[in-house]
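Below is input-v1.cif, holding mmCIF, C-alpha atoms and all ligand atoms.
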data_work
loop_
_atom_site.label_atom_id
_atom_site.label_comp_id
_atom_site.auth_asym_id
_atom_site.auth_seq_id
_atom_site.Cartn_x
_atom_site.Cartn_y
_atom_site.Cartn_z
CA MET A 9 -9.87 -21.38 56.70
CA LYS A 10 -13.31 -20.41 57.95
CA ILE A 11 -15.21 -17.70 56.16
CA TYR A 12 -18.06 -15.71 57.66
CA ILE A 13 -21.12 -15.34 55.48
CA SER A 14 -24.10 -13.56 57.00
CA GLY A 15 -23.83 -15.04 60.47
CA GLU A 16 -22.46 -18.50 59.65
CA TYR A 17 -18.97 -19.89 59.14
CA PHE A 18 -18.07 -21.98 56.10
CA GLU A 19 -14.93 -23.83 55.12
CA LYS A 20 -13.17 -22.17 52.16
CA GLU A 21 -14.45 -24.75 49.63
CA ASN A 22 -18.02 -24.25 50.81
CA ALA A 23 -17.96 -20.47 51.11
CA LYS A 24 -20.15 -19.55 48.13
CA VAL A 25 -22.44 -16.76 47.03
CA SER A 26 -25.24 -16.93 44.49
CA VAL A 27 -24.52 -16.14 40.84
CA PHE A 28 -27.63 -13.92 41.15
CA ASP A 29 -25.97 -11.79 43.83
CA HIS A 30 -25.75 -8.28 42.37
CA GLY A 31 -22.27 -8.03 43.83
CA PHE A 32 -21.28 -10.71 41.34
CA LEU A 33 -23.54 -9.59 38.48
CA TYR A 34 -22.89 -5.85 38.68
CA GLY A 35 -20.19 -5.14 41.23
CA ASP A 36 -23.03 -3.81 43.39
CA GLY A 37 -21.56 -3.84 46.86
CA ILE A 38 -18.88 -2.35 49.06
CA PHE A 39 -15.83 -3.61 50.90
CA GLU A 40 -12.98 -2.87 53.29
CA GLY A 41 -9.43 -4.19 53.49
CA MET A 42 -7.95 -4.14 56.98
CA ARG A 43 -4.81 -5.23 58.81
CA SER A 44 -4.49 -6.96 62.13
CA TYR A 45 -1.41 -6.66 64.29
CA ASP A 46 -0.96 -9.07 67.17
CA GLY A 47 -4.61 -10.09 66.92
CA ASN A 48 -6.00 -6.53 66.89
CA VAL A 49 -7.58 -4.95 63.84
CA PHE A 50 -5.84 -1.63 63.21
CA ARG A 51 -8.26 1.32 63.18
CA LEU A 52 -11.27 -0.98 62.91
CA ARG A 53 -13.69 1.85 63.71
CA ASP A 54 -12.26 4.01 60.90
CA HIS A 55 -12.80 1.16 58.44
CA LEU A 56 -16.34 0.54 59.70
CA ASP A 57 -17.15 4.26 59.50
CA ARG A 58 -15.98 4.26 55.87
CA LEU A 59 -17.97 1.08 55.16
CA TRP A 60 -21.14 2.62 56.58
CA GLU A 61 -20.50 5.80 54.58
CA SER A 62 -20.02 3.81 51.38
CA ALA A 63 -23.27 1.94 52.15
CA ARG A 64 -25.18 5.14 52.71
CA SER A 65 -23.86 6.59 49.49
CA ILE A 66 -25.05 3.61 47.42
CA GLN A 67 -28.31 3.27 49.40
CA LEU A 68 -27.40 -0.14 50.76
CA THR A 69 -28.63 -1.09 54.22
CA ILE A 70 -26.03 -3.09 56.11
CA PRO A 71 -28.14 -5.78 57.81
CA ILE A 72 -26.26 -5.76 61.16
CA THR A 73 -25.19 -3.10 63.64
CA VAL A 74 -21.67 -1.63 63.80
CA GLU A 75 -21.19 -3.41 67.13
CA ALA A 76 -22.23 -6.77 65.65
CA MET A 77 -19.91 -6.19 62.67
CA GLU A 78 -17.02 -5.38 64.99
CA LYS A 79 -17.71 -8.59 66.91
CA ALA A 80 -17.95 -10.65 63.70
CA VAL A 81 -14.64 -9.27 62.38
CA ASN A 82 -12.82 -10.00 65.64
CA GLU A 83 -14.40 -13.44 65.91
CA THR A 84 -13.42 -14.36 62.33
CA LEU A 85 -9.85 -13.39 63.09
CA LYS A 86 -9.84 -15.48 66.27
CA ILE A 87 -11.47 -18.56 64.73
CA ASN A 88 -8.84 -18.54 62.00
CA GLU A 89 -6.06 -18.00 64.57
CA ILE A 90 -4.64 -15.11 62.62
CA SER A 91 -2.58 -12.66 64.57
CA ASP A 92 -0.87 -10.57 61.87
CA GLY A 93 -3.13 -10.73 58.86
CA TYR A 94 -5.38 -9.11 56.35
CA ILE A 95 -9.16 -8.97 56.67
CA ARG A 96 -11.51 -8.47 53.76
CA LEU A 97 -14.99 -7.34 54.69
CA ILE A 98 -17.60 -7.32 51.92
CA VAL A 99 -21.24 -6.31 51.85
CA THR A 100 -23.04 -7.17 48.64
CA ARG A 101 -26.49 -6.04 47.54
CA GLY A 102 -27.55 -9.71 47.75
CA ARG A 103 -29.45 -12.07 45.51
CA GLY A 104 -31.73 -10.47 42.92
CA THR A 105 -32.76 -11.08 39.34
CA LEU A 106 -30.82 -10.55 36.12
CA GLY A 107 -32.32 -7.05 35.95
CA LEU A 108 -30.65 -4.00 37.50
CA ASP A 109 -33.37 -3.42 40.06
CA ALA A 110 -31.67 -3.23 43.44
CA HIS A 111 -35.03 -3.25 45.23
CA LEU A 112 -35.45 -6.90 44.30
CA CYS A 113 -32.35 -7.76 46.32
CA GLN A 114 -33.91 -8.32 49.73
CA HIS A 115 -30.98 -9.68 51.70
CA PRO A 116 -27.58 -7.96 51.55
CA GLN A 117 -24.78 -10.44 52.27
CA VAL A 118 -21.98 -9.80 54.75
CA ILE A 119 -18.77 -11.70 54.07
CA ILE A 120 -15.59 -11.67 56.17
CA ILE A 121 -12.38 -13.35 55.07
CA ALA A 122 -9.31 -13.35 57.30
CA ASP A 123 -6.11 -14.42 55.63
CA HIS A 124 -2.37 -14.20 55.90
CA LEU A 125 -0.82 -11.21 54.33
CA ALA A 126 0.68 -10.75 50.88
CA LEU A 127 2.80 -7.62 51.34
CA TYR A 128 5.17 -6.11 48.85
CA PRO A 129 8.49 -7.96 49.14
CA LYS A 130 10.83 -6.59 51.84
CA GLU A 131 13.22 -5.49 49.11
CA CYS A 132 10.63 -2.96 47.84
CA TYR A 133 10.72 -1.22 51.25
CA GLU A 134 14.51 -1.16 51.21
CA LYS A 135 15.00 -0.02 47.63
CA GLY A 136 11.70 1.74 46.94
CA LEU A 137 9.17 1.14 44.19
CA GLU A 138 9.32 2.24 40.59
CA ILE A 139 5.93 3.24 39.28
CA VAL A 140 4.50 4.62 36.04
CA THR A 141 1.49 6.78 35.21
CA ALA A 142 -1.48 4.88 33.80
CA SER A 143 -3.39 6.22 30.84
CA THR A 144 -6.55 5.00 32.61
CA ILE A 145 -8.05 8.03 34.37
CA ARG A 146 -9.41 7.67 37.92
CA THR A 147 -13.20 7.61 38.00
CA ASN A 148 -14.61 11.10 37.85
CA PRO A 149 -16.39 11.91 41.16
CA ALA A 150 -19.28 13.29 39.11
CA MET A 151 -19.82 9.74 37.84
CA LEU A 152 -19.08 7.52 40.83
CA GLY A 153 -17.43 8.89 43.94
CA PRO A 154 -13.96 7.33 44.41
CA GLN A 155 -14.55 7.77 48.15
CA ILE A 156 -17.04 4.90 47.90
CA LYS A 157 -15.04 1.71 48.35
CA SER A 158 -17.27 -0.20 45.97
CA MET A 159 -16.89 -3.65 44.47
CA ASN A 160 -16.59 -1.90 41.13
CA TYR A 161 -12.78 -1.78 40.90
CA LEU A 162 -12.46 -2.17 37.15
CA ASN A 163 -11.08 1.36 36.82
CA ASN A 164 -8.21 0.54 39.17
CA ILE A 165 -7.72 -2.93 37.72
CA LEU A 166 -7.26 -1.54 34.20
CA ALA A 167 -4.67 0.87 35.55
CA LYS A 168 -2.91 -1.92 37.46
CA ILE A 169 -2.73 -4.01 34.28
CA GLU A 170 -0.95 -1.10 32.62
CA GLY A 171 1.47 -1.02 35.53
CA HIS A 172 2.09 -4.74 35.24
CA GLN A 173 2.75 -4.41 31.52
CA ALA A 174 5.37 -1.78 32.35
CA GLY A 175 6.93 -4.08 34.99
CA CYS A 176 5.63 -2.06 37.95
CA ALA A 177 3.83 -3.31 41.05
CA GLU A 178 1.85 -0.06 41.45
CA VAL A 179 0.69 2.63 39.09
CA LEU A 180 -0.16 6.32 39.38
CA MET A 181 -3.63 7.45 38.37
CA LEU A 182 -4.51 11.01 37.36
CA ASN A 183 -7.96 12.53 37.63
CA SER A 184 -9.92 13.89 34.67
CA LYS A 185 -8.25 17.30 35.18
CA GLY A 186 -4.83 15.72 34.75
CA GLU A 187 -3.95 16.17 38.41
CA VAL A 188 -2.47 13.42 40.54
CA ALA A 189 -5.22 11.40 42.23
CA GLU A 190 -3.78 8.25 43.81
CA CYS A 191 -2.42 4.83 42.91
CA SER A 192 -4.55 1.82 41.97
CA GLY A 193 -4.73 0.65 45.60
CA ASP A 194 -2.75 3.20 47.61
CA ASN A 195 -2.71 6.93 48.36
CA ILE A 196 0.32 9.03 47.44
CA PHE A 197 2.44 11.58 49.33
CA ILE A 198 5.50 13.61 48.49
CA PHE A 199 7.94 15.51 50.65
CA LYS A 200 9.33 18.64 49.04
CA ARG A 201 10.90 21.83 50.39
CA ASN A 202 10.26 20.72 53.96
CA ARG A 203 6.58 20.12 53.35
CA LEU A 204 4.49 16.95 53.23
CA HIS A 205 2.07 17.17 50.34
CA THR A 206 -0.80 14.86 49.34
CA PRO A 207 -3.78 15.38 47.05
CA SER A 208 -6.89 16.55 48.90
CA PRO A 209 -10.04 14.39 48.84
CA ASP A 210 -11.54 16.59 46.12
CA ALA A 211 -8.86 15.31 43.71
CA GLY A 212 -11.18 12.27 43.53
CA ILE A 213 -9.50 9.72 45.78
CA LEU A 214 -10.40 7.05 48.27
CA GLU A 215 -9.65 8.66 51.63
CA GLY A 216 -7.35 6.01 52.97
CA THR A 217 -7.33 5.10 56.64
CA THR A 218 -3.53 4.85 56.44
CA ARG A 219 -3.42 8.28 54.77
CA ARG A 220 -5.31 9.67 57.76
CA VAL A 221 -2.95 8.07 60.28
CA VAL A 222 0.07 9.45 58.39
CA LEU A 223 -1.44 12.95 58.40
CA GLU A 224 -2.04 12.64 62.16
CA LEU A 225 1.53 11.44 62.79
CA ALA A 226 2.99 14.18 60.60
CA ALA A 227 0.99 16.78 62.54
CA GLU A 228 2.27 15.32 65.82
CA LEU A 229 5.82 15.62 64.47
CA GLY A 230 5.13 19.29 63.75
CA MET A 231 5.51 18.83 60.02
CA ASN A 232 4.27 21.34 57.52
CA ILE A 233 1.36 19.64 55.71
CA LYS A 234 -0.34 20.56 52.46
CA GLU A 235 -3.49 18.80 51.20
CA ALA A 236 -3.90 20.39 47.81
CA PRO A 237 -3.96 19.63 44.08
CA MET A 238 -0.74 18.09 42.80
CA THR A 239 0.59 17.45 39.31
CA ARG A 240 3.23 15.03 38.12
CA HIS A 241 5.66 17.97 38.06
CA ASP A 242 5.46 17.99 41.87
CA ILE A 243 6.38 14.30 42.03
CA TYR A 244 9.17 14.54 39.44
CA THR A 245 10.75 17.37 41.43
CA ALA A 246 10.03 16.02 44.94
CA ASP A 247 12.71 15.10 47.45
CA GLU A 248 10.77 12.00 48.54
CA CYS A 249 7.67 10.11 47.57
CA PHE A 250 5.76 7.29 49.28
CA LEU A 251 2.47 5.43 49.09
CA THR A 252 0.10 4.48 51.90
CA GLY A 253 -2.40 1.63 52.25
CA SER A 254 -3.57 -0.85 54.86
CA ALA A 255 -1.64 -3.70 53.24
CA ALA A 256 1.40 -1.67 52.17
CA GLU A 257 1.63 0.57 55.29
CA LEU A 258 4.09 3.19 53.91
CA ILE A 259 6.18 2.23 50.94
CA PRO A 260 8.81 4.47 49.33
CA VAL A 261 8.65 5.35 45.62
CA VAL A 262 11.96 6.16 43.97
CA LYS A 263 11.00 6.46 40.31
CA LEU A 264 7.99 7.71 38.38
CA ASP A 265 7.81 7.23 34.60
CA GLY A 266 11.50 6.32 34.50
CA ARG A 267 12.49 9.55 36.29
CA THR A 268 14.40 9.35 39.53
CA ILE A 269 12.76 11.06 42.52
CA GLY A 270 15.17 12.87 44.85
CA ASN A 271 18.38 10.89 45.20
CA GLY A 272 16.71 7.65 44.10
CA LEU A 273 16.68 6.15 47.58
CA PRO A 274 13.92 5.86 50.20
CA GLY A 275 13.96 9.22 52.01
CA THR A 276 14.59 9.98 55.66
CA VAL A 277 11.15 11.51 56.23
CA THR A 278 9.50 8.45 54.68
CA LYS A 279 11.55 6.18 56.95
CA LYS A 280 10.71 8.23 60.02
CA LEU A 281 6.99 8.21 59.25
CA LEU A 282 7.08 4.45 58.60
CA GLU A 283 8.79 3.90 61.94
CA ARG A 284 6.17 6.05 63.71
CA PHE A 285 3.41 4.26 61.83
CA ARG A 286 4.68 0.84 62.93
CA ALA A 287 4.86 2.07 66.53
CA GLU A 288 1.25 3.20 66.17
CA THR A 289 0.17 -0.29 65.08
CA LYS A 290 1.61 -1.68 68.31
CA LYS A 291 -0.39 0.65 70.56
CA ARG A 292 -3.30 -0.87 72.49
N1 LIG A 301 -6.81 4.12 47.32
C1 LIG A 301 -7.42 3.05 46.82
C2 LIG A 301 -8.00 3.12 45.46
C3 LIG A 301 -7.50 1.87 47.57
O1 LIG A 301 -8.11 0.79 47.08
C4 LIG A 301 -6.93 1.84 48.87
C5 LIG A 301 -7.02 0.60 49.71
N2 LIG A 301 -6.43 -0.52 49.12
C6 LIG A 301 -6.28 2.98 49.34
C7 LIG A 301 -6.26 4.11 48.55
C8 LIG A 301 -5.66 3.01 50.71
O2 LIG A 301 -6.67 2.96 51.68
P1 LIG A 301 -6.39 2.38 53.15
O3 LIG A 301 -5.27 3.15 53.69
O4 LIG A 301 -7.67 2.62 53.89
O5 LIG A 301 -6.09 0.94 53.00
#

Please lay out the structure from this file as structure tokens.
Ligand code: PMP
Amino acid sequence: MKIYISGEYFEKENAKVSVFDHGFLYGDGIFEGMRSYDGNVFRLRDHLDRLWESARSIQLTIPITVEAMEKAVNETLKINEISDGYIRLIVTRGRGTLGLDAHLCQHPQVIIIADHLALYPKECYEKGLEIVTASTIRTNPAMLGPQIKSMNYLNNILAKIEGHQAGCAEVLMLNSKGEVAECSGDNIFIFKRNRLHTPSPDAGILEGTTRRVVLELAAELGMNIKEAPMTRHDIYTADECFLTGSAAELIPVVKLDGRTIGNGLPGTVTKKLLERFRAETKKR
């Protein structure tokens, strides 16, 4: 495996960053997780737009142009001969001192890793996931905007540990108002009374690229869509529930907190949207 670090390729064993990199010391950096299908990165521009937005928000200057980044991502995929894979793109603040001062980090690092994919097992798509609500609250946007895809994922990791302890592969996170925000690494949707409902960005979520595609597909299908605050009541009483993410695509959820959602099986709307989504990934 060859890993891109700031313009050069390194074998996996030699792909190293400094222990003085503020990405390592403080989680000071940003990232993207993307999928490739048949050698093409799905919605690459959407991911790069979000990366540049995250950078702007944390006052980090990405040292290369969008075009050069696009080229580097595609090249990394090609060099590693990955056709259907997962690409992790990271920009760290770079090497500094032990102090917090970001201005002493002169050279932000760009890292691109292309790997094979670890999806949820096929069985999860057939039977649906069971998830629980974490007691860990999603970061309050007044503290650190969840729309920044930062290297500071401790909030989500603590929630995911809770999920693991409950025997669940994903976990629901509420915001500080007690409303549904998202899962530790996926956005959430429900289908209820003929309407597709997902929390709006002001619930304090990462605005997923997959979430956006699903909203576009649902609009094309003429579905009634609601982006508005949601509580767990809405999920408990929904007909269907599913999660979206670049790695997961769309995955059905059949239980929350031990309560069965709808008839306890992946729903027909979820299946239809997944089918449309997969067709979308094949478009050139
Ligand atoms: N929410 C969080 C917290 C995430 O980390 C992710 C990505 N893993 C998502 C939602 C889904 O985003 P995307 O569809 O862009 O992968």

Handout entry: Point-to-point distance in Å for CA of Glu257 (chain A) and CA of Leu68 (chain A)
Key = 29.4 Å

Site check for ligand LIG 301 (chain A): residues at most 8 Å away, only C-alpha atoms and all ligand atoms, as a CSV table (one decimal) with C-alpha atoms, in the coordinates of the input:
chain,number,residue,atom,x,y,z
A,40,GLU,CA,-13.0,-2.9,53.3
A,41,GLY,CA,-9.4,-4.2,53.5
A,42,MET,CA,-8.0,-4.1,57.0
A,55,HIS,CA,-12.8,1.2,58.4
A,154,PRO,CA,-14.0,7.3,44.4
A,157,LYS,CA,-15.0,1.7,48.4
A,164,ASN,CA,-8.2,0.5,39.2
A,190,GLU,CA,-3.8,8.2,43.8
A,191,CYS,CA,-2.4,4.8,42.9
A,192,SER,CA,-4.6,1.8,42.0
A,193,GLY,CA,-4.7,0.6,45.6
A,194,ASP,CA,-2.8,3.2,47.6
A,195,ASN,CA,-2.7,6.9,48.4
A,213,ILE,CA,-9.5,9.7,45.8
A,214,LEU,CA,-10.4,7.0,48.3
A,215,GLU,CA,-9.6,8.7,51.6
A,216,GLY,CA,-7.4,6.0,53.0
A,217,THR,CA,-7.3,5.1,56.6
A,218,THR,CA,-3.5,4.8,56.4
A,219,ARG,CA,-3.4,8.3,54.8
A,220,ARG,CA,-5.3,9.7,57.8
A,252,THR,CA,0.1,4.5,51.9
A,253,GLY,CA,-2.4,1.6,52.2
A,254,SER,CA,-3.6,-0.8,54.9
A,255,ALA,CA,-1.6,-3.7,53.2
A,256,ALA,CA,1.4,-1.7,52.2
A,257,GLU,CA,1.6,0.6,55.3

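Interatomic distance, CA of Lys200 (chain A) against CA of Gly153 (chain A): 28.9 Å.
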
Closest contacts (region 144-194 of chain A/region 119-140 of chain A, max 7 Å, only C-alpha atoms) as a Markdown table:
| residue | atom | partner | partner_atom | distance |
| --- | --- | --- | --- | --- |
| A:Gly171 | CA | A:Val140 | CA | 6.4 |
| A:Cys176 | CA | A:Ile139 | CA | 5.5 |
| A:Glu178 | CA | A:Ile139 | CA | 5.7 |
| A:Val179 | CA | A:Val140 | CA | 5.3 |
| A:Leu180 | CA | A:Val140 | CA | 6.0 |

Exercise for the section: Could you please determine the separation between CA of Met151 (chain A) and CA of Gly37 (chain A) in Å, to one decimal place? Expected result: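 Separation of CA of Met151 (chain A) and CA of Gly37 (chain A): 16.4 Å.
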
Handout entry: Nearest candidate to Asn48 (chain A) (options A:Thr147, A:Thr206, A:Thr84, A:Gln155; using all atoms listed in the file)
Key = A:Thr84

Problem - Residues near Lys20 (chain A), cut-off 9 Å, all atoms listed in the file, skip fewer than 2 positions along chain, as JSON, numbers by chain - result: {"A": [9, 10, 11, 18, 22, 23, 24]}

Exercise for the section: Choose the residue, out of A:Phe250, A:Phe50, A:Trp60, A:Tyr45, that has the smallest atom-to-atom separation from Ser91 (chain A); count only C-alpha atoms. Expected result: A:Tyr45

Practice task
Would you mind telling me which residue in A:Ile13, A:Leu59, A:Ala76, A:Ile156 lies nearest to Pro116 (chain A) when using all atoms listed in the file?
Solution key: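 Counting all atoms listed in the file, the residue closest to Pro116 (chain A) is A:Ile13.
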
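Once Ala227 (chain A) and its same-chain neighbours fewer than 5 positions away are set aside, Arg203, Leu204, Arg220, Val221, Val222, Asn232, Ile233, Lys234, Leu281 and Arg284 of chain A remain within 12 Å of it when counting only C-alpha atoms.
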
Problem - Selected residue of minimal separation from Leu106 (chain A) among A:Leu258, A:Val27, A:Ile269, A:Leu223, counting all atoms listed in the file - result: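 Under the stated criterion, the closest residue is A:Val27.
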
Practice task
Have a look at A:Gly175, A:Ser143, A:Asn160, A:Leu225 and name the one nearest to Ala287 (chain A); count all atoms listed in the file.
Solution key: A:Leu225

Handout entry: Selected residue, from A:Phe39, A:Phe197, A:Tyr12, A:Tyr94, that lies nearest to Ser158 (chain A) when counting only C-alpha atoms
Key =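 Of the candidates, the smallest distance to Ser158 (chain A) is held by A:Phe39.
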
Handout entry: Protein, DNA and RNA residues within 8 Å of (8.7, 7.4, 33.7), all atoms listed in the file, as a ChimeraX atom specification
Key = /A:139-141,263-267

Exercise for the section: Find the residues near His241 (chain A): any atom within 10 Å, counting only C-alpha atoms, skip ones fewer than 4 places away on the same chain, and give them as a PyMOL selection string. Expected result: chain A and resi 187-188+245-246
